[in-house]
Each structure stands twice: as structure tokens, then as C-alpha cells.
Amino acid sequence: MSHFNRVVRVPGDPILGLMEAYRGDPNPAKLDLGVGVYKDAQGLTPIPRAVKLAEQRLVDGQTSKSYIGGHGDALFCARLAQLVLGADNPLLDARAAASQTPGGTGALRLAADFIGHCLPGRGIWLSDPTWPIHESIFAAAGLPVSHYPYVGADNRLDIEGMLAALAEIPRGDVVLLHACCHNPTGFDLGPRDWKRVLEVVKARELLPLIDFAYQGFGDGLEQDAWAVRLFAAELPELLITSSCSKNFGLYRERTGALLVCAATPEKLLDVRSQLAFLARNLWSTPPAHGAAVVASILDDAELKSLWSSELDGMRQRVASLRAGLVEALQPYGLAERFAHIGVQRGMFSYTGLSPQQVQRLRDEFSVYMVGSGRANVAGLDAERLDELAAAIAAVCR
Ligand code: PMP
């Protein structure tokens, strides 16, 4: 008897497949706009200097590799909660706290298990489209997954469709919102949109789960947290998942947190006891290194200011690539058609290119992006924007 006879193969992650195809392409002028990591002008995903310095100190000062607690590194949790909610947020006295998780993905999975175990019967509502892993994480935790419209067929934010759908969601369900730098579209809600969403959330008594994976990549560390802080101030209860992968360049160190805001200090303790219990069954205790790095950066004024200026550099590079690409499309009469690329925020852009156009870009010009037309703007080369604009113009003809 074979135990594994009935095991069928599932398709690999399409973005990883795209990476493989890119690697195998012998064209020296190839361009990778697929995978979702930041790249610098040399095409590398750098380790920020502040991270290197903090790591050096850690290696010298570390005396034990014993487990850290179920909620992780206490200094990391305290400093990250301040970064997300604001240094002087009164909630941090007793009504809000962070639990360290392996990356933003771990935070999402812990949130999913918490909802499944402690709020049975609640469904979760995701934007259409959303980061594909959202779909599978919540399904894996056994939650009913549904969608609200987000971007219309015209490749624009569909705020009216979104609000109308949210108004129909069963009372008490969970709605996942992207704090900034929406993945995969790059379309973010404006302040007025957020206030309207908040009103529906209140009216329908929904529980928001805000995914905050790109703090500092949109408009700035504080600016990007505006909606999160608005919701935290206006609602008694809130879940926030935070990732340090992009803004600290710590991707492989799996560093993130699940923040909970509860109505009372007592309730916060109840919820956190459940999170520690659920995390025990998932990863027992979180990995230490990345969180220790983040804690030592955020706890040291000099390192923090170095890190924040490095983060400014990453954000500005992406912003100038966005503006540069739209400008490079001008001679082809396409600047208006692609003006949204300059308005979107974060690394990703729903370009509005069709799957056929994406395929032609790949076949004829060795430009690799996801079939949905999502491009990682950070993968662009400032010196080659004209080349890319010419390729886009060729497939748009
Ligand atoms: N949420 C979103 C929207 C993301 O794009 C990502 C990373 N691609 C994550 C969460 C998770 O990030 P990580 O687990 O790498 O910290």
C-alpha cells in the first residue's frame, strides 16, 4: 500500500514560476517586474545600514538562545505598537498591545485562528482583488471567505461599489482592509473614503482587520498610519497585522506582529491569553533575531533616524520611478492612459495591461510581470524607463 498514492500535485505559486522563467531568459535586457520585493538602483534587495549596525550589536551582546515568550520580544512589541499607533497613543496604556509573529503572514494566520476559535460563525471579507495569500490563509483557518469590490473593470478604485457591498455584510463579520500600498493594485483609499468606510463599519458593527504590510512605503511612516490610528481612536475593538519585511528589509527574518485593541484592559488580557494559546499550536514561540533587530533600532534615536532616512530613500525611489514612467509614456500619447501609475502608492501597480499584453511584453521584450497586469514598480531601472515605455507602447498599439 502506498500512503501517498492519493496525494495530488498542486500548482506552484505563479509568481515563483514567473521568477524561474525570468532566470532562464538569456536576454541581457530582461526586466523583472514580478516578485514583490523592493529593489534598489542596482537591482538588489538591500539590507538597510541601520539593520546591519543593529545586527552587529546583537551578535556582540547576545548571551543566550533560549526561547523568548509566547508574545515574543517585549521591547519589540512595545516599540512596534508605538510605531503603528503613535508614540503617545493613550490606548497603549492598557487597551492595545502587540504580539510578535513570524512576519505579517504569521500575524494574519494568528488573526484567522483567533477569529475561527473565539468568534465562531464570523465570515471574513476581502477586497477584490487582494493579495492571493489572504484567500488561502483564511480558508485554511476554516473561515468563510467573501469579497467586496475594490477596483472596477475600468482599473479605478470602486469606492461606491465597495461601500455598497460593505453595507450588506452580515453584522459582526470581519472586514480586511489594506492600511496603505494596496497589494496588488496600488490604489489606496483617501481620507474621505476611509471616513466613509468607518461609518459603514460602525453601522454594521463589523470588526476591521487592517493589514499594515507597507508602513513607510506610501507617503511616510506617520502618514501611512493615519487610517489605522483613526480606526483605533473611533472603534472599541480592532485587529492590525504589521510586517517588518519591507520597511526594515527583513523579509527572510520573519518579523511582524498582531496588534489588538480591546474595549477594556481586562478584555485585552483575555484576548492575549487566547493569542498565546493559539500561537503555541502554530509556532510555539516566534523567531528572535528580526524582532531583536527592530527593537534595537526603534529603541535607539540614532539608529531610528538612520533607518527612517533609509526608508525615505526607498519610498522616494519608487515615487520617482512612477513619475518617470508616466513621463516616458508621454511621447507615445499614453501619459494620460497610464496616469494612475503616478497616483498609486507602494511597490505595486495595477497597470491596466491585459493578460495578452503582459504575455507579449514577456515574449517580445523580456519584461516579466504578473498576468493580472500587476507590476512591481521597484523592479524598474531609472535608466531604462524609455525602453519600457517603448515596449508598452508597442503592445498597446
Ligand atoms: N500582507 C500583504 C498585503 C503583503 O503584500 C505581504 C507580503 N507580500 C504580507 C502581508 C506578508 O508579509 P510577510 O509575511 O513577508 O511579513
# chains A, B, ... in the order shown; residues from 1 in each chain; ligands from 1
$ residues_around --residues "His340 (chain A)" --least-positions-apart "3" --cutoff "12 Å" --atoms "only C-alpha atoms" --output "list of chain:residue names"
A:Asp154, A:Asn155, A:Arg156, A:Leu157, A:Thr185, A:Gly186, A:Phe187, A:Asp188, A:Arg322, A:Ala323, A:Leu325, A:Val326, A:Leu334, A:Ala335, A:Glu336, A:Arg337, A:Val343, A:Gln344, A:Arg345, A:Phe348, A:Ser349, A:Tyr350, A:Thr351, A:Gly352
$ write_last_selection --atoms "N, CA, C and O atoms" --output "compact mmCIF listing (two decimals), in the first residue's frame"
# COMPACT_ATOMS: atom_id res chain seq x y z
N ASP A 154 -12.72 49.33 -15.15
CA ASP A 154 -12.02 50.47 -15.75
C ASP A 154 -10.66 50.72 -15.08
O ASP A 154 -10.03 51.74 -15.32
N ASN A 155 -10.23 49.79 -14.22
CA ASN A 155 -8.96 49.91 -13.48
C ASN A 155 -8.91 51.19 -12.66
O ASN A 155 -7.91 51.90 -12.64
N ARG A 156 -10.00 51.44 -11.94
CA ARG A 156 -10.06 52.57 -10.98
C ARG A 156 -10.63 52.05 -9.67
O ARG A 156 -11.38 51.09 -9.65
N LEU A 157 -10.26 52.75 -8.59
CA LEU A 157 -10.83 52.42 -7.28
C LEU A 157 -12.35 52.54 -7.36
O LEU A 157 -12.86 53.57 -7.78
N THR A 185 -3.01 46.18 -6.20
CA THR A 185 -3.38 47.23 -7.17
C THR A 185 -2.60 48.53 -7.03
O THR A 185 -2.46 49.27 -8.01
N GLY A 186 -2.16 48.89 -5.81
CA GLY A 186 -1.52 50.19 -5.61
C GLY A 186 -2.54 51.30 -5.38
O GLY A 186 -2.16 52.42 -5.06
N PHE A 187 -3.83 50.99 -5.53
CA PHE A 187 -4.87 52.01 -5.29
C PHE A 187 -5.21 52.07 -3.81
O PHE A 187 -5.65 51.07 -3.23
N ASP A 188 -5.02 53.23 -3.18
CA ASP A 188 -5.33 53.39 -1.77
C ASP A 188 -6.58 54.26 -1.58
O ASP A 188 -6.90 55.09 -2.42
N ARG A 322 7.70 55.90 -10.57
CA ARG A 322 6.31 56.02 -11.01
C ARG A 322 6.17 57.24 -11.91
O ARG A 322 5.64 57.16 -13.03
N ALA A 323 6.66 58.39 -11.40
CA ALA A 323 6.53 59.64 -12.16
C ALA A 323 7.31 59.53 -13.47
O ALA A 323 6.84 59.96 -14.53
N LEU A 325 8.05 56.88 -15.27
CA LEU A 325 7.44 56.00 -16.28
C LEU A 325 6.30 56.73 -16.98
O LEU A 325 6.17 56.66 -18.22
N VAL A 326 5.49 57.44 -16.20
CA VAL A 326 4.37 58.18 -16.82
C VAL A 326 4.94 59.21 -17.81
O VAL A 326 4.44 59.36 -18.93
N LEU A 334 0.55 58.25 -24.29
CA LEU A 334 -0.04 57.30 -23.34
C LEU A 334 0.02 57.80 -21.89
O LEU A 334 -0.36 57.07 -20.97
N ALA A 335 0.49 59.04 -21.68
CA ALA A 335 0.67 59.52 -20.30
C ALA A 335 -0.67 59.57 -19.56
O ALA A 335 -0.75 59.22 -18.39
N GLU A 336 -1.71 59.99 -20.26
CA GLU A 336 -3.00 60.10 -19.59
C GLU A 336 -3.56 58.71 -19.28
O GLU A 336 -4.04 58.46 -18.18
N ARG A 337 -3.44 57.83 -20.25
CA ARG A 337 -3.97 56.48 -20.07
C ARG A 337 -3.33 55.78 -18.86
O ARG A 337 -3.96 54.98 -18.20
N VAL A 343 -0.33 57.92 -9.43
CA VAL A 343 -1.22 58.19 -8.29
C VAL A 343 -1.16 57.03 -7.29
O VAL A 343 -1.31 57.23 -6.09
N GLN A 344 -0.96 55.83 -7.79
CA GLN A 344 -0.93 54.65 -6.92
C GLN A 344 0.25 54.77 -5.93
O GLN A 344 1.18 55.54 -6.14
N ARG A 345 0.17 53.98 -4.86
CA ARG A 345 1.18 54.04 -3.82
C ARG A 345 1.76 52.66 -3.55
O ARG A 345 1.08 51.64 -3.73
N PHE A 348 3.47 48.25 -5.81
CA PHE A 348 2.73 47.59 -6.88
C PHE A 348 1.86 48.54 -7.68
O PHE A 348 1.37 49.54 -7.16
N SER A 349 1.69 48.16 -8.93
CA SER A 349 0.80 48.91 -9.79
C SER A 349 -0.05 47.96 -10.59
O SER A 349 0.48 47.06 -11.26
N TYR A 350 -1.36 48.13 -10.48
CA TYR A 350 -2.24 47.52 -11.47
C TYR A 350 -2.13 48.42 -12.69
O TYR A 350 -2.67 49.52 -12.71
N THR A 351 -1.37 47.95 -13.69
CA THR A 351 -1.10 48.83 -14.82
C THR A 351 -2.31 49.01 -15.72
O THR A 351 -2.42 50.01 -16.42
N GLY A 352 -3.20 48.01 -15.70
CA GLY A 352 -4.32 48.06 -16.62
C GLY A 352 -3.98 47.33 -17.93
O GLY A 352 -4.81 47.28 -18.84
$ residues_around --residues "Tyr22 (chain A)" --least-positions-apart "5" --cutoff "10 Å" --atoms "only C-alpha atoms" --output "list in words"
Leu16, Gly17, Asn27, Lys30, Leu31, Asp32, Leu33, Gly34, Arg362, Ser366, Val367, Tyr368 and Met369 of chain A
$ residues_around --residues "Ser66 (chain A)" --least-positions-apart "3" --cutoff "10 Å" --atoms "only C-alpha atoms" --output "short mmCIF file (atom, residue, chain, number, x, y, z; two decimals) with C-alpha atoms, in the first residue's frame"
data_model
loop_
_atom_site.label_atom_id
_atom_site.label_comp_id
_atom_site.auth_asym_id
_atom_site.auth_seq_id
_atom_site.Cartn_x
_atom_site.Cartn_y
_atom_site.Cartn_z
CA THR A 63 24.27 35.77 25.76
CA GLY A 69 7.97 34.21 25.42
CA ALA A 288 14.02 36.10 17.89
#
$ select_by_dssp --residues "region 67-203 of chain A" --states "alpha helix (DSSP H)" --output "ChimeraX atom specification"
/A:74-85,103-118,132-140,159-166,191-203
$ residues_around --residues "Asn281 (chain A)" --least-positions-apart "2" --cutoff "12 Å" --atoms "only C-alpha atoms" --output "number ranges by chain"
A: 70, 109-110, 113-114, 274-279, 283-286
$ residues_near_ligand --ligand "ligand 1" --cutoff "8 Å" --atoms "only C-alpha atoms and all ligand atoms" --output "ChimeraX atom specification"
/A:36-37,102-108,130-131,134,178,182-184,211-214,241-246,251-252,254-256
$ closest_residue --among "A:Ala375, A:Ala96, A:Gly123, A:Leu177" --to "Ala263 (chain A)" --atoms "only C-alpha atoms"
A:Ala96
$ residues_around --residues "Ser136 (chain A)" --least-positions-apart "4" --cutoff "12 Å" --atoms "only C-alpha atoms" --output "list in words"
Asp13, Thr105, Leu108, Arg109, Ala112, Ile124, Leu126, Thr130, Trp131, Pro132, Ala140, Ala141, Gly142, Leu143, Pro144, Val145 and Ser146 of chain A
$ write_last_selection --atoms "C-alpha atoms" --output "PDB file, in the first residue's frame"
ATOM      1  CA  ASP A  13       2.981  29.917  -6.694  1.00  0.00           C
ATOM      2  CA  THR A 105       1.829  36.251   7.233  1.00  0.00           C
ATOM      3  CA  LEU A 108      -2.645  37.076   9.547  1.00  0.00           C
ATOM      4  CA  ARG A 109      -2.726  33.364  10.324  1.00  0.00           C
ATOM      5  CA  ALA A 112      -7.504  33.934  11.338  1.00  0.00           C
ATOM      6  CA  ILE A 124     -14.159  37.421   6.515  1.00  0.00           C
ATOM      7  CA  LEU A 126     -11.533  40.600   1.366  1.00  0.00           C
ATOM      8  CA  THR A 130      -6.372  41.175  -2.851  1.00  0.00           C
ATOM      9  CA  TRP A 131      -3.006  39.569  -2.044  1.00  0.00           C
ATOM     10  CA  PRO A 132      -3.723  35.924  -3.070  1.00  0.00           C
ATOM     11  CA  ALA A 140      -7.014  27.334   5.815  1.00  0.00           C
ATOM     12  CA  ALA A 141      -8.309  28.531   9.193  1.00  0.00           C
ATOM     13  CA  GLY A 142     -11.808  27.418   8.176  1.00  0.00           C
ATOM     14  CA  LEU A 143     -13.372  30.879   7.826  1.00  0.00           C
ATOM     15  CA  PRO A 144     -15.995  31.578   5.172  1.00  0.00           C
ATOM     16  CA  VAL A 145     -14.227  33.949   2.734  1.00  0.00           C
ATOM     17  CA  SER A 146     -16.188  36.513   0.696  1.00  0.00           C
TER      18      SER A 146
END
$ atom_distance --atom1 "CA of Ser305 (chain A)" --atom2 "CA of Val35 (chain A)"
28.7 Å
$ decode --residues "region 298-312 of chain A" --atoms "all heavy atoms" --output "JSON list (two decimals), in the first residue's frame"
[["chain", "number", "residue", "atom", "x", "y", "z"],
["A", 298, "LEU", "N", 14.38, 50.73, 16.88],
["A", 298, "LEU", "CA", 13.33, 51.65, 17.33],
["A", 298, "LEU", "C", 13.61, 52.22, 18.72],
["A", 298, "LEU", "O", 13.08, 53.26, 19.09],
["A", 298, "LEU", "CB", 11.96, 50.95, 17.31],
["A", 298, "LEU", "CG", 11.45, 50.53, 15.92],
["A", 298, "LEU", "CD1", 10.09, 49.85, 16.04],
["A", 298, "LEU", "CD2", 11.36, 51.73, 14.97],
["A", 299, "ASP", "N", 14.47, 51.54, 19.48],
["A", 299, "ASP", "CA", 14.76, 51.98, 20.85],
["A", 299, "ASP", "C", 15.99, 52.90, 20.92],
["A", 299, "ASP", "O", 16.39, 53.30, 22.00],
["A", 299, "ASP", "CB", 14.98, 50.74, 21.73],
["A", 299, "ASP", "CG", 14.81, 51.07, 23.20],
["A", 299, "ASP", "OD1", 13.80, 51.73, 23.53],
["A", 299, "ASP", "OD2", 15.68, 50.70, 24.01],
["A", 300, "ASP", "N", 16.59, 53.19, 19.76],
["A", 300, "ASP", "CA", 17.82, 53.98, 19.75],
["A", 300, "ASP", "C", 17.61, 55.14, 18.78],
["A", 300, "ASP", "O", 17.42, 54.92, 17.57],
["A", 300, "ASP", "CB", 18.96, 53.06, 19.27],
["A", 300, "ASP", "CG", 20.29, 53.78, 19.20],
["A", 300, "ASP", "OD1", 20.40, 54.79, 18.47],
["A", 300, "ASP", "OD2", 21.23, 53.31, 19.85],
["A", 301, "ALA", "N", 17.64, 56.36, 19.31],
["A", 301, "ALA", "CA", 17.28, 57.53, 18.50],
["A", 301, "ALA", "C", 18.13, 57.62, 17.23],
["A", 301, "ALA", "O", 17.62, 57.91, 16.14],
["A", 301, "ALA", "CB", 17.42, 58.79, 19.33],
["A", 302, "GLU", "N", 19.43, 57.33, 17.36],
["A", 302, "GLU", "CA", 20.31, 57.47, 16.21],
["A", 302, "GLU", "C", 20.01, 56.43, 15.13],
["A", 302, "GLU", "O", 19.89, 56.75, 13.95],
["A", 302, "GLU", "CB", 21.76, 57.29, 16.67],
["A", 302, "GLU", "CG", 22.66, 58.42, 16.26],
["A", 302, "GLU", "CD", 24.00, 58.29, 16.94],
["A", 302, "GLU", "OE1", 24.88, 57.63, 16.36],
["A", 302, "GLU", "OE2", 24.15, 58.82, 18.08],
["A", 303, "LEU", "N", 19.88, 55.18, 15.57],
["A", 303, "LEU", "CA", 19.58, 54.11, 14.61],
["A", 303, "LEU", "C", 18.21, 54.33, 13.98],
["A", 303, "LEU", "O", 18.01, 54.11, 12.78],
["A", 303, "LEU", "CB", 19.60, 52.74, 15.30],
["A", 303, "LEU", "CG", 20.96, 52.09, 15.55],
["A", 303, "LEU", "CD1", 20.78, 50.70, 16.15],
["A", 303, "LEU", "CD2", 21.76, 51.99, 14.24],
["A", 304, "LYS", "N", 17.27, 54.80, 14.79],
["A", 304, "LYS", "CA", 15.92, 55.02, 14.28],
["A", 304, "LYS", "C", 15.93, 56.09, 13.19],
["A", 304, "LYS", "O", 15.28, 55.95, 12.15],
["A", 304, "LYS", "CB", 14.96, 55.40, 15.41],
["A", 304, "LYS", "CG", 13.53, 55.45, 14.94],
["A", 304, "LYS", "CD", 12.54, 55.70, 16.04],
["A", 304, "LYS", "CE", 11.15, 55.83, 15.42],
["A", 304, "LYS", "NZ", 10.16, 56.34, 16.34],
["A", 305, "SER", "N", 16.71, 57.13, 13.43],
["A", 305, "SER", "CA", 16.72, 58.19, 12.44],
["A", 305, "SER", "C", 17.46, 57.75, 11.16],
["A", 305, "SER", "O", 17.05, 58.10, 10.06],
["A", 305, "SER", "CB", 17.26, 59.47, 13.09],
["A", 305, "SER", "OG", 18.33, 59.97, 12.39],
["A", 306, "LEU", "N", 18.51, 56.94, 11.33],
["A", 306, "LEU", "CA", 19.19, 56.38, 10.14],
["A", 306, "LEU", "C", 18.21, 55.51, 9.34],
["A", 306, "LEU", "O", 18.08, 55.65, 8.11],
["A", 306, "LEU", "CB", 20.41, 55.56, 10.57],
["A", 306, "LEU", "CG", 21.12, 54.78, 9.46],
["A", 306, "LEU", "CD1", 21.67, 55.72, 8.39],
["A", 306, "LEU", "CD2", 22.25, 53.91, 10.02],
["A", 307, "TRP", "N", 17.52, 54.61, 10.06],
["A", 307, "TRP", "CA", 16.58, 53.71, 9.39],
["A", 307, "TRP", "C", 15.49, 54.50, 8.68],
["A", 307, "TRP", "O", 15.17, 54.23, 7.52],
["A", 307, "TRP", "CB", 15.95, 52.74, 10.41],
["A", 307, "TRP", "CG", 14.72, 52.07, 9.89],
["A", 307, "TRP", "CD1", 14.65, 51.14, 8.90],
["A", 307, "TRP", "CD2", 13.37, 52.32, 10.30],
["A", 307, "TRP", "NE1", 13.34, 50.78, 8.68],
["A", 307, "TRP", "CE2", 12.54, 51.49, 9.53],
["A", 307, "TRP", "CE3", 12.78, 53.15, 11.27],
["A", 307, "TRP", "CZ2", 11.15, 51.47, 9.68],
["A", 307, "TRP", "CZ3", 11.41, 53.13, 11.42],
["A", 307, "TRP", "CH2", 10.61, 52.30, 10.63],
["A", 308, "SER", "N", 14.95, 55.51, 9.38],
["A", 308, "SER", "CA", 13.84, 56.23, 8.77],
["A", 308, "SER", "C", 14.31, 57.00, 7.54],
["A", 308, "SER", "O", 13.57, 57.11, 6.55],
["A", 308, "SER", "CB", 13.16, 57.04, 9.86],
["A", 308, "SER", "OG", 12.93, 58.31, 9.47],
["A", 309, "SER", "N", 15.56, 57.47, 7.52],
["A", 309, "SER", "CA", 16.01, 58.15, 6.30],
["A", 309, "SER", "C", 16.28, 57.12, 5.18],
["A", 309, "SER", "O", 16.05, 57.41, 4.01],
["A", 309, "SER", "CB", 17.21, 59.05, 6.56],
["A", 309, "SER", "OG", 18.30, 58.26, 6.95],
["A", 310, "GLU", "N", 16.71, 55.93, 5.54],
["A", 310, "GLU", "CA", 16.88, 54.90, 4.51],
["A", 310, "GLU", "C", 15.52, 54.50, 3.91],
["A", 310, "GLU", "O", 15.38, 54.29, 2.71],
["A", 310, "GLU", "CB", 17.59, 53.67, 5.10],
["A", 310, "GLU", "CG", 19.03, 53.96, 5.47],
["A", 310, "GLU", "CD", 19.74, 52.71, 5.97],
["A", 310, "GLU", "OE1", 19.58, 52.38, 7.17],
["A", 310, "GLU", "OE2", 20.43, 52.04, 5.17],
["A", 311, "LEU", "N", 14.52, 54.42, 4.79],
["A", 311, "LEU", "CA", 13.16, 54.11, 4.33],
["A", 311, "LEU", "C", 12.64, 55.23, 3.42],
["A", 311, "LEU", "O", 12.03, 54.95, 2.38],
["A", 311, "LEU", "CB", 12.26, 53.90, 5.55],
["A", 311, "LEU", "CG", 10.79, 53.57, 5.30],
["A", 311, "LEU", "CD1", 10.62, 52.33, 4.44],
["A", 311, "LEU", "CD2", 10.07, 53.38, 6.65],
["A", 312, "ASP", "N", 12.92, 56.48, 3.79],
["A", 312, "ASP", "CA", 12.55, 57.61, 2.92],
["A", 312, "ASP", "C", 13.15, 57.42, 1.53],
["A", 312, "ASP", "O", 12.50, 57.66, 0.51],
["A", 312, "ASP", "CB", 13.08, 58.94, 3.48],
["A", 312, "ASP", "CG", 12.33, 59.39, 4.72],
["A", 312, "ASP", "OD1", 11.26, 58.83, 4.99],
["A", 312, "ASP", "OD2", 12.84, 60.29, 5.42]]
